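Report on one structure; see the data block that follows.
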Amino acid sequence: MSTVPSLNGQVIGHAHYATRALLERAIAPLGVEFNQLLALNVLANGPAERAHLAHRITSTLKVDEQEVRRVLATLVDADLAQADHDADAPRLRLSDAGHAVQARIAAAVADISARLYADIPTDEAGAAARALTVVTQRANAELAATPT
């Protein structure tokens with residue numbers, strides 16, 4: 001008889017790192033690193049101000065702004081993103097190559113998600129999503145309240 005594990009950071013971490021490893025394996029042939037994914041996904045919705053990108057990446061990946069600058073510079077250097085000179089604030093947008101790479105990443109994510117979540121009942125997946133959202137909100141609140 002197997003026991004159901006308790007929901008805790010270790011269980012969540014194992015799921016995160018296993019899923020991330022699958023995704024990193026899938027995107028390796030594209031020459032894209034994990035930290036670049038979020039910026040590419042944000043830019044897929046249209047040009048974004050660098051400040052918005054920086055906030056999104058630092059708050060989601062829990063990295064510092066120096067890492068964000070490095071990530072954005074590598075996207076520009078790889079011609080996956082381009083500066084949008086027509087805007088008042090410094091903005092980036094996906095290049096044609098960036099759109100193609102981001103589409104391949106989205107397809108890889110969809111494929112991995114379909115395989116991993118295929119037989120999980122909708123109500124259980126919804127409950128897990130709600131619980132993890134609460135945990136994320138609480139952890140973010142503690143991070144915001146605690147000096148680094």
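Ordered as shown in the structure tokens, chains take letters A, B, and onward, while each chain numbers its residues from 1 and ligands are numbered from 1 in the order shown.
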Write out as an MDAnalysis selection string all residues of stretch 19-143 of chain A that backbone DSSP assigns to strand (DSSP E). chainID A and resid 48:49 81:84 91:94
Generate the output file for the selected residues, N, CA and C atoms, as an mmCIF file, in the first residue's frame.
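Output saved as selection_30.cif:
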data_model
loop_
_atom_site.group_PDB
_atom_site.id
_atom_site.type_symbol
_atom_site.label_atom_id
_atom_site.label_comp_id
_atom_site.auth_asym_id
_atom_site.auth_seq_id
_atom_site.Cartn_x
_atom_site.Cartn_y
_atom_site.Cartn_z
ATOM 1 N N ALA A 48 7.753 44.956 -25.322
ATOM 2 C CA ALA A 48 7.636 45.218 -23.886
ATOM 3 C C ALA A 48 8.772 46.145 -23.458
ATOM 4 N N GLU A 49 8.458 47.020 -22.531
ATOM 5 C CA GLU A 49 9.483 47.899 -21.972
ATOM 6 C C GLU A 49 10.488 47.047 -21.200
ATOM 7 N N ALA A 81 15.735 38.951 -30.250
ATOM 8 C CA ALA A 81 14.995 40.153 -29.846
ATOM 9 C C ALA A 81 15.708 41.361 -30.424
ATOM 10 N N GLN A 82 14.928 42.428 -30.633
ATOM 11 C CA GLN A 82 15.471 43.662 -31.189
ATOM 12 C C GLN A 82 14.941 44.840 -30.400
ATOM 13 N N ALA A 83 15.773 45.884 -30.332
ATOM 14 C CA ALA A 83 15.333 47.116 -29.684
ATOM 15 C C ALA A 83 14.274 47.766 -30.557
ATOM 16 N N ASP A 84 13.237 48.274 -29.917
ATOM 17 C CA ASP A 84 12.156 48.990 -30.602
ATOM 18 C C ASP A 84 12.446 50.476 -30.434
ATOM 19 N N ARG A 91 12.284 49.620 -25.285
ATOM 20 C CA ARG A 91 11.474 48.413 -25.435
ATOM 21 C C ARG A 91 12.217 47.388 -26.276
ATOM 22 N N LEU A 92 11.815 46.149 -26.099
ATOM 23 C CA LEU A 92 12.308 45.056 -26.928
ATOM 24 C C LEU A 92 11.117 44.385 -27.586
ATOM 25 N N ARG A 93 11.387 43.794 -28.731
ATOM 26 C CA ARG A 93 10.378 43.001 -29.425
ATOM 27 C C ARG A 93 11.075 41.787 -30.006
ATOM 28 N N LEU A 94 10.296 40.764 -30.287
ATOM 29 C CA LEU A 94 10.864 39.577 -30.912
ATOM 30 C C LEU A 94 11.220 39.873 -32.360
#
Which residues are close to A:Gly9, i.e. within 12 Å by only C-alpha atoms, leaving aside same-chain residues fewer than 6 positions away? Reply as a VMD selection string. chain A and resid 15 to 17 132 135 to 136 139
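Nearest-residue note for A:Ala26: choosing from A:Val109, A:Asp123, A:Leu116, A:Gly98, the minimum distance belongs to A:Val109, counting only C-alpha atoms.
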From a DSSP calculation on the backbone, collect every residue of chain A in alpha helix (DSSP H) and output the set as a ChimeraX atom specification. /A:9-27,34-43,50-61,65-77,96-117,122-145
Measuring atom to atom with only C-alpha atoms, identify which of A:Val71, A:Ile12, A:Ala107, A:Val4 is nearest to A:Glu33. A:Val71
Which value, in Å to one decimal, gives the distance between atom CA of A:Leu75 and atom CA of A:Leu40? 8.4 Å
Top pick for closest residue to A:Ala51, considering A:Gly13, A:Pro29, A:Gly126, A:Pro90 and counting only C-alpha atoms: A:Pro90
Within 9 Å of A:Asn35 using only C-alpha atoms, minus same-chain residues under 4 positions, as a PyMOL selection string: chain A and resi 39+57+61+67-68+71
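The gap separating atom CA of A:Leu37 from atom CA of A:Ile105 is 7.9 Å, in Å to one decimal.
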How far is it from atom CA of A:Asn140 to atom CA of A:Glu24, in Å with one decimal?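 Answer for the atom CA of A:Asn140 to atom CA of A:Glu24 separation: 24.9 Å.
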